[in-house]
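Novice: For reference, this is work-v5.cif, and it has mmCIF, C-alpha atoms and all ligand atoms.
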```cif
data_my_file
loop_
_atom_site.group_PDB
_atom_site.id
_atom_site.type_symbol
_atom_site.label_atom_id
_atom_site.label_comp_id
_atom_site.auth_asym_id
_atom_site.auth_seq_id
_atom_site.Cartn_x
_atom_site.Cartn_y
_atom_site.Cartn_z
ATOM 1 C CA MET A 1 0.000 0.000 0.000
ATOM 2 C CA ASN A 2 1.507 3.295 -0.975
ATOM 3 C CA ASP A 3 0.410 5.137 2.152
ATOM 4 C CA GLN A 4 2.351 2.876 4.453
ATOM 5 C CA LYS A 5 5.761 4.066 5.482
ATOM 6 C CA ILE A 6 8.281 2.572 7.829
ATOM 7 C CA ASP A 7 9.592 5.292 10.062
ATOM 8 C CA GLY A 8 13.214 5.332 10.988
ATOM 9 C CA GLY A 9 12.423 7.253 14.137
ATOM 10 C CA LYS A 10 12.261 10.742 12.735
ATOM 11 C CA ARG A 11 9.143 11.075 10.654
ATOM 12 C CA THR A 12 6.229 13.050 12.015
ATOM 13 C CA TRP A 13 2.790 13.412 10.562
ATOM 14 C CA ILE A 14 2.512 16.567 8.561
ATOM 15 C CA ILE A 15 -0.187 18.825 9.858
ATOM 16 C CA ALA A 16 -0.991 21.622 7.473
ATOM 17 C CA SER A 17 -0.880 24.612 9.772
ATOM 18 C CA GLY A 18 0.523 23.497 13.081
ATOM 19 C CA CYS A 19 -1.625 22.583 16.006
ATOM 20 C CA ALA A 20 -3.208 25.726 17.391
ATOM 21 C CA GLY A 21 -6.714 24.785 18.345
ATOM 22 C CA ALA A 22 -6.896 21.916 15.912
ATOM 23 C CA VAL A 23 -8.135 18.678 17.354
ATOM 24 C CA GLY A 24 -8.014 15.521 15.354
ATOM 25 C CA ALA A 25 -10.106 14.110 12.633
ATOM 26 C CA GLY A 26 -12.236 16.950 11.308
ATOM 27 C CA PHE A 27 -9.308 19.252 10.819
ATOM 28 C CA LEU A 28 -6.943 16.627 9.531
ATOM 29 C CA ALA A 29 -9.321 14.844 7.214
ATOM 30 C CA VAL A 30 -10.011 17.645 4.764
ATOM 31 C CA PRO A 31 -6.691 17.947 2.922
ATOM 32 C CA PHE A 32 -6.270 14.188 2.737
ATOM 33 C CA VAL A 33 -9.758 13.419 1.514
ATOM 34 C CA ARG A 34 -9.546 15.912 -1.320
ATOM 35 C CA SER A 35 -6.491 14.258 -2.780
ATOM 36 C CA PHE A 36 -7.729 10.688 -2.555
ATOM 37 C CA GLU A 37 -8.996 8.408 -5.314
ATOM 38 C CA PRO A 38 -12.640 7.320 -4.827
ATOM 39 C CA SER A 39 -11.707 4.077 -3.059
ATOM 40 C CA GLU A 40 -9.295 5.913 -0.819
ATOM 41 C CA ARG A 41 -11.976 8.487 -0.068
ATOM 42 C CA ALA A 42 -14.293 5.717 1.124
ATOM 43 C CA ARG A 43 -11.550 4.394 3.318
ATOM 44 C CA ALA A 44 -10.843 7.829 4.741
ATOM 45 C CA ALA A 45 -14.495 8.148 5.598
ATOM 46 C CA GLY A 46 -14.325 5.193 7.906
ATOM 47 C CA ALA A 47 -13.731 1.883 6.166
ATOM 48 C CA PRO A 48 -11.327 -0.425 8.021
ATOM 49 C CA VAL A 49 -7.734 -0.512 6.772
ATOM 50 C CA GLU A 50 -5.830 -3.754 6.280
ATOM 51 C CA VAL A 51 -2.121 -3.570 7.076
ATOM 52 C CA ASP A 52 0.763 -5.931 6.411
ATOM 53 C CA ILE A 53 3.045 -5.712 9.445
ATOM 54 C CA SER A 54 5.551 -8.366 8.372
ATOM 55 C CA ALA A 55 8.266 -5.879 7.354
ATOM 56 C CA ILE A 56 8.388 -3.976 10.637
ATOM 57 C CA LYS A 57 11.593 -4.754 12.463
ATOM 58 C CA PRO A 58 11.917 -4.586 16.263
ATOM 59 C CA GLY A 59 12.167 -0.940 17.273
ATOM 60 C CA GLU A 60 10.528 0.363 14.081
ATOM 61 C CA LYS A 61 7.241 2.119 13.435
ATOM 62 C CA LEU A 62 4.849 1.908 10.519
ATOM 63 C CA THR A 63 2.335 4.711 9.891
ATOM 64 C CA VAL A 64 -0.951 4.154 8.066
ATOM 65 C CA GLU A 65 -4.007 6.333 7.558
ATOM 66 C CA TRP A 66 -7.342 5.461 9.086
ATOM 67 C CA ARG A 67 -10.252 7.893 8.961
ATOM 68 C CA GLY A 68 -7.806 10.585 7.879
ATOM 69 C CA LYS A 69 -5.711 10.094 10.986
ATOM 70 C CA PRO A 70 -2.213 8.660 11.360
ATOM 71 C CA VAL A 71 -2.192 5.280 13.072
ATOM 72 C CA TRP A 72 1.135 4.048 14.331
ATOM 73 C CA ILE A 73 2.133 0.415 14.588
ATOM 74 C CA VAL A 74 5.266 0.084 16.688
ATOM 75 C CA ARG A 75 7.070 -3.216 17.058
ATOM 76 C CA ARG A 76 8.488 -2.969 20.538
ATOM 77 C CA THR A 77 11.681 -4.677 21.623
ATOM 78 C CA PRO A 78 11.808 -6.925 24.720
ATOM 79 C CA GLU A 79 13.815 -4.173 26.435
ATOM 80 C CA GLN A 80 11.152 -1.565 25.683
ATOM 81 C CA LEU A 81 8.400 -3.843 26.964
ATOM 82 C CA ALA A 82 10.333 -4.582 30.151
ATOM 83 C CA GLU A 83 10.447 -0.862 31.028
ATOM 84 C CA LEU A 84 6.684 -0.287 30.826
ATOM 85 C CA PRO A 85 5.592 -1.521 34.294
ATOM 86 C CA LYS A 86 8.446 0.404 35.925
ATOM 87 C CA LEU A 87 7.029 3.693 34.627
ATOM 88 C CA ASP A 88 3.556 3.407 36.156
ATOM 89 C CA LYS A 89 4.233 5.813 39.047
ATOM 90 C CA GLU A 90 5.325 8.549 36.645
ATOM 91 C CA LEU A 91 2.274 8.349 34.403
ATOM 92 C CA ALA A 92 -1.000 10.252 34.599
ATOM 93 C CA ASP A 93 -3.195 7.246 33.837
ATOM 94 C CA PRO A 94 -1.104 4.076 33.666
ATOM 95 C CA MET A 95 -4.072 1.710 33.305
ATOM 96 C CA SER A 96 -5.991 3.881 30.794
ATOM 97 C CA GLN A 97 -9.003 4.403 33.033
ATOM 98 C CA ARG A 98 -9.804 7.909 31.777
ATOM 99 C CA THR A 99 -12.661 8.361 29.412
ATOM 100 C CA THR A 100 -11.600 10.870 26.773
ATOM 101 C CA PHE A 101 -11.820 8.057 24.277
ATOM 102 C CA ALA A 102 -15.104 6.333 25.003
ATOM 103 C CA THR A 103 -14.048 3.429 22.871
ATOM 104 C CA THR A 104 -10.799 2.519 24.667
ATOM 105 C CA PRO A 105 -10.810 -1.255 24.220
ATOM 106 C CA GLU A 106 -10.647 -3.412 27.346
ATOM 107 C CA PHE A 107 -7.386 -4.973 26.125
ATOM 108 C CA ALA A 108 -5.749 -1.528 26.302
ATOM 109 C CA ARG A 109 -6.276 -1.000 30.031
ATOM 110 C CA ASN A 110 -2.864 -2.287 31.132
ATOM 111 C CA ASP A 111 0.826 -1.473 30.750
ATOM 112 C CA TRP A 112 1.215 -2.613 27.159
ATOM 113 C CA ARG A 113 -2.156 -1.379 25.758
ATOM 114 C CA SER A 114 -2.274 -3.785 22.838
ATOM 115 C CA LEU A 115 -3.634 -7.145 21.698
ATOM 116 C CA LYS A 116 -0.133 -8.584 21.292
ATOM 117 C CA LYS A 117 2.456 -7.066 23.582
ATOM 118 C CA GLU A 118 5.028 -6.736 20.839
ATOM 119 C CA TYR A 119 2.908 -4.486 18.605
ATOM 120 C CA LEU A 120 1.583 -1.160 19.855
ATOM 121 C CA VAL A 121 -1.250 0.289 17.739
ATOM 122 C CA VAL A 122 -2.228 3.892 18.549
ATOM 123 C CA VAL A 123 -3.574 6.993 16.846
ATOM 124 C CA GLY A 124 -0.629 9.375 16.529
ATOM 125 C CA ILE A 125 -2.426 12.531 17.623
ATOM 126 C CA CYS A 126 -1.735 14.270 20.926
ATOM 127 C CA SER A 127 -4.720 14.455 23.274
ATOM 128 C CA HIS A 128 -3.930 18.108 24.061
ATOM 129 C CA LEU A 129 -4.459 20.134 20.889
ATOM 130 C CA GLY A 130 -3.970 17.639 18.119
ATOM 131 C CA CYS A 131 -0.295 17.827 17.171
ATOM 132 C CA SER A 132 1.439 14.654 16.154
ATOM 133 C CA PRO A 133 4.165 13.626 18.621
ATOM 134 C CA GLY A 134 7.601 12.660 17.352
ATOM 135 C CA ASP A 135 9.455 9.403 17.955
ATOM 136 C CA LYS A 136 11.975 9.462 20.769
ATOM 137 C CA PHE A 137 12.743 5.772 20.979
ATOM 138 C CA THR A 138 16.354 6.131 22.078
ATOM 139 C CA PRO A 139 16.738 6.032 25.872
ATOM 140 C CA GLY A 140 18.919 8.482 27.756
ATOM 141 C CA PRO A 141 19.245 12.237 28.234
ATOM 142 C CA GLN A 142 18.458 14.468 25.242
ATOM 143 C CA PRO A 143 16.909 17.908 24.663
ATOM 144 C CA SER A 144 13.377 18.410 26.049
ATOM 145 C CA LEU A 145 13.426 15.033 27.791
ATOM 146 C CA PRO A 146 14.277 13.926 31.348
ATOM 147 C CA SER A 147 17.690 12.395 32.017
ATOM 148 C CA ASP A 148 16.145 9.004 32.865
ATOM 149 C CA TRP A 149 14.186 8.849 29.582
ATOM 150 C CA GLN A 150 13.395 5.262 28.576
ATOM 151 C CA GLY A 151 12.046 5.863 25.071
ATOM 152 C CA GLY A 152 8.656 7.013 23.849
ATOM 153 C CA PHE A 153 7.176 10.040 22.092
ATOM 154 C CA LEU A 154 7.526 13.806 22.523
ATOM 155 C CA CYS A 155 4.857 16.228 21.373
ATOM 156 C CA PRO A 156 6.744 19.254 20.051
ATOM 157 C CA CYS A 157 3.877 21.709 20.505
ATOM 158 C CA HIS A 158 3.762 21.983 24.304
ATOM 159 C CA GLY A 159 6.123 19.287 25.527
ATOM 160 C CA SER A 160 3.846 16.396 26.455
ATOM 161 C CA THR A 161 5.717 13.115 26.712
ATOM 162 C CA PHE A 162 4.379 9.604 26.217
ATOM 163 C CA ASP A 163 5.957 6.227 26.929
ATOM 164 C CA MET A 164 6.313 3.328 24.478
ATOM 165 C CA SER A 165 2.661 2.462 25.134
ATOM 166 C CA GLY A 166 1.466 5.975 24.312
ATOM 167 C CA ARG A 167 0.740 6.714 27.980
ATOM 168 C CA VAL A 168 1.153 10.346 28.953
ATOM 169 C CA PHE A 169 3.479 11.323 31.783
ATOM 170 C CA LYS A 170 2.179 13.255 34.808
ATOM 171 C CA ASP A 171 1.924 17.051 34.858
ATOM 172 C CA LYS A 172 1.884 17.484 31.084
ATOM 173 C CA PRO A 173 -0.605 19.522 29.041
ATOM 174 C CA ALA A 174 -1.998 16.437 27.328
ATOM 175 C CA PRO A 175 -4.953 15.220 29.409
ATOM 176 C CA ASP A 176 -4.928 11.652 28.214
ATOM 177 C CA ASN A 177 -2.995 8.786 26.702
ATOM 178 C CA LEU A 178 -2.853 8.332 22.934
ATOM 179 C CA GLU A 179 -5.996 6.744 21.565
ATOM 180 C CA VAL A 180 -6.030 3.006 20.894
ATOM 181 C CA PRO A 181 -8.248 2.409 17.851
ATOM 182 C CA PRO A 182 -10.346 -0.703 17.402
ATOM 183 C CA TYR A 183 -8.355 -3.344 15.516
ATOM 184 C CA MET A 184 -7.937 -7.088 15.135
ATOM 185 C CA TYR A 185 -5.452 -9.573 13.726
ATOM 186 C CA LEU A 186 -6.430 -11.281 10.480
ATOM 187 C CA SER A 187 -3.259 -13.397 10.735
ATOM 188 C CA ASP A 188 0.118 -13.089 12.458
ATOM 189 C CA SER A 189 1.227 -10.598 9.819
ATOM 190 C CA ARG A 190 -2.004 -8.755 8.938
ATOM 191 C CA LEU A 191 -3.957 -6.255 10.990
ATOM 192 C CA LEU A 192 -7.368 -4.797 10.357
ATOM 193 C CA ILE A 193 -7.619 -1.320 11.830
ATOM 194 C CA GLY A 194 -11.103 0.014 12.462
ATOM 195 C CA GLU A 195 -12.791 -3.203 13.450
ATOM 196 C CA GLU A 196 -12.715 -5.402 16.540
ATOM 197 C CA LYS A 197 -13.277 -9.100 16.687
ATOM 198 C CA LYS A 198 -16.773 -9.788 17.980
ATOM 199 C CA ALA A 199 -16.779 -11.772 21.214
HETATM 200 S S1 LIG B 201 -0.682 19.455 21.275
HETATM 201 FE FE1 LIG B 201 -0.033 20.448 23.083
HETATM 202 S S2 LIG B 201 1.315 19.025 23.980
HETATM 203 FE FE2 LIG B 201 0.641 17.993 22.231
#
```
Render the structure in this file as C-alpha cells.
Ligand code: FES
Specialist:
Amino acid sequence: MNDQKIDGGKRTWIIASGCAGAVGAGFLAVPFVRSFEPSERARAAGAPVEVDISAIKPGEKLTVEWRGKPVWIVRRTPEQLAELPKLDKELADPMSQRTTFATTPEFARNDWRSLKKEYLVVVGICSHLGCSPGDKFTPGPQPSLPSDWQGGFLCPCHGSTFDMSGRVFKDKPAPDNLEVPPYMYLSDSRLLIGEEKKA
C-alpha cells in the first residue's frame, strides 16, 4: 500500500498549519480526503484498513491512515516492553481508566495497551491540541526530555511526553494517553484497523 511508510524514528505526521486549536479528525481529514482516489476516499471516511506488518523490524514504526488520521504500529523490543511496568508511578493514567476516548478497548487498560504485547497500535495525535508527537525511541538524556528517559514520544507543541505504550506522563498539558483504535489480527502478519473481533 503506498500510504504505508516505515519510520526510521524521525518522521512526524505533517499537519498543514501546526496545532493551534486543531483537534483531530475533522481538521486533519479535509486535505487528505480531497487528494484521494474514490476508493481511498471511502476508506478515509471510515472503512477499516488492512495492514501488512511483516516488514516492521523490532524498534521500528509503521504509519498508516485510518479515517484521515495517522495510526502508528510500533514493534516494541523486549527491552522496551520490560520498562513499561516500571514507569507506572510517573504516568497520569497508567491503566488507561480515563474516558476521553469512550471506545478505549478493554485490552488496552494495562501497561502494554495492545492485543499482542510486541505491537503497539495507537492513533498518533496528541490528546492536548492535536499535534502529532515525534518518535523518541532512544533512551537516555536528550533535549526536552528527562535524564532518565526510557524511550517514547515527545509532542513538540507543548512538551507532552508519552511512553512506548502511548501513555502520557504526569503534569503534562496532554490530558490523556494516545488513543487506541479498534483493531484485530487477520493473521500473524495482517492487521485490520477500524474493526474489533466480535466476542
Ligand atoms: S498538542 Fe499540546 S502538547 Fe501535544
Novice: Return as CSV the residues of range 54-104 of chain A lying at most 6 Å from range 163-180 of chain A, together with the closest atom-to-atom pair for each and the distance in Å to one decimal, counting all atoms listed in the file, with rows in chain order and ascending residue number.
Specialist:
```
residue,atom,partner,partner_atom,distance
A:Glu90,CA,A:Phe169,CA,5.9
A:Leu91,CA,A:Phe169,CA,4.1
A:Ala92,CA,A:Lys170,CA,4.4
```
Novice: Compute the distance from (12.7, -6.2, 21.7) to each atom, counting all atoms listed in the file, keep the residues with any atom at most 10 Å away, and return them as a count of residues only; use the coordinates of the file.
Specialist: 12
Novice: Please report, as CSV, each residue of chain A lying at most 8 Å from ligand LIG 201 (chain B), together with the nearest pair of atoms and the separation in Å rounded to one decimal; use all atoms listed in the file, and order rows by chain and ascending residue number.
Specialist:
```
residue,atom,partner,partner_atom,distance
A:Cys19,CA,B:LIG201,S1,6.2
A:Ala20,CA,B:LIG201,S1,7.8
A:Ile125,CA,B:LIG201,FE2,7.8
A:Cys126,CA,B:LIG201,FE2,4.6
A:Ser127,CA,B:LIG201,FE2,6.5
A:His128,CA,B:LIG201,S1,4.5
A:Leu129,CA,B:LIG201,S1,3.9
A:Gly130,CA,B:LIG201,S1,4.9
A:Cys131,CA,B:LIG201,S1,4.4
A:Ser132,CA,B:LIG201,FE2,7.0
A:Pro133,CA,B:LIG201,FE2,6.7
A:Cys155,CA,B:LIG201,FE2,4.7
A:Pro156,CA,B:LIG201,FE2,6.6
A:Cys157,CA,B:LIG201,FE1,4.9
A:His158,CA,B:LIG201,S2,3.9
A:Gly159,CA,B:LIG201,S2,5.1
A:Ser160,CA,B:LIG201,S2,4.4
A:Thr161,CA,B:LIG201,S2,7.9
A:Lys172,CA,B:LIG201,S2,7.3
A:Pro173,CA,B:LIG201,S2,5.4
A:Ala174,CA,B:LIG201,S2,5.4
```
Novice: Between CA of Ile73 in chain A and CA of Tyr119 in chain A, what is the spacing in Å?
Specialist: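 CA of Ile73 in chain A lies 6.4 Å from CA of Tyr119 in chain A.
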Novice: Counting all atoms listed in the file, what are the residues of range 115-141 of chain A within 9 Å of range 149-153 of chain A, and for each of them which pair of atoms is the nearest and at what distance in Å, to one decimal? Sort the table by chain and rising number, as CSV.
Specialist:
```
residue,atom,partner,partner_atom,distance
A:Pro133,CA,A:Phe153,CA,5.8
A:Gly134,CA,A:Phe153,CA,5.4
A:Asp135,CA,A:Phe153,CA,4.8
A:Lys136,CA,A:Phe153,CA,5.0
A:Phe137,CA,A:Gly151,CA,4.2
A:Thr138,CA,A:Gly151,CA,5.3
A:Pro139,CA,A:Gln150,CA,4.4
A:Gly140,CA,A:Trp149,CA,5.1
A:Pro141,CA,A:Trp149,CA,6.2
```
Novice: To one decimal in Å, tell me the separation between CA of Val49 in chain A and CA of Leu84 in chain A.
Specialist: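 That distance, rounded to one decimal, is 28.0 Å.
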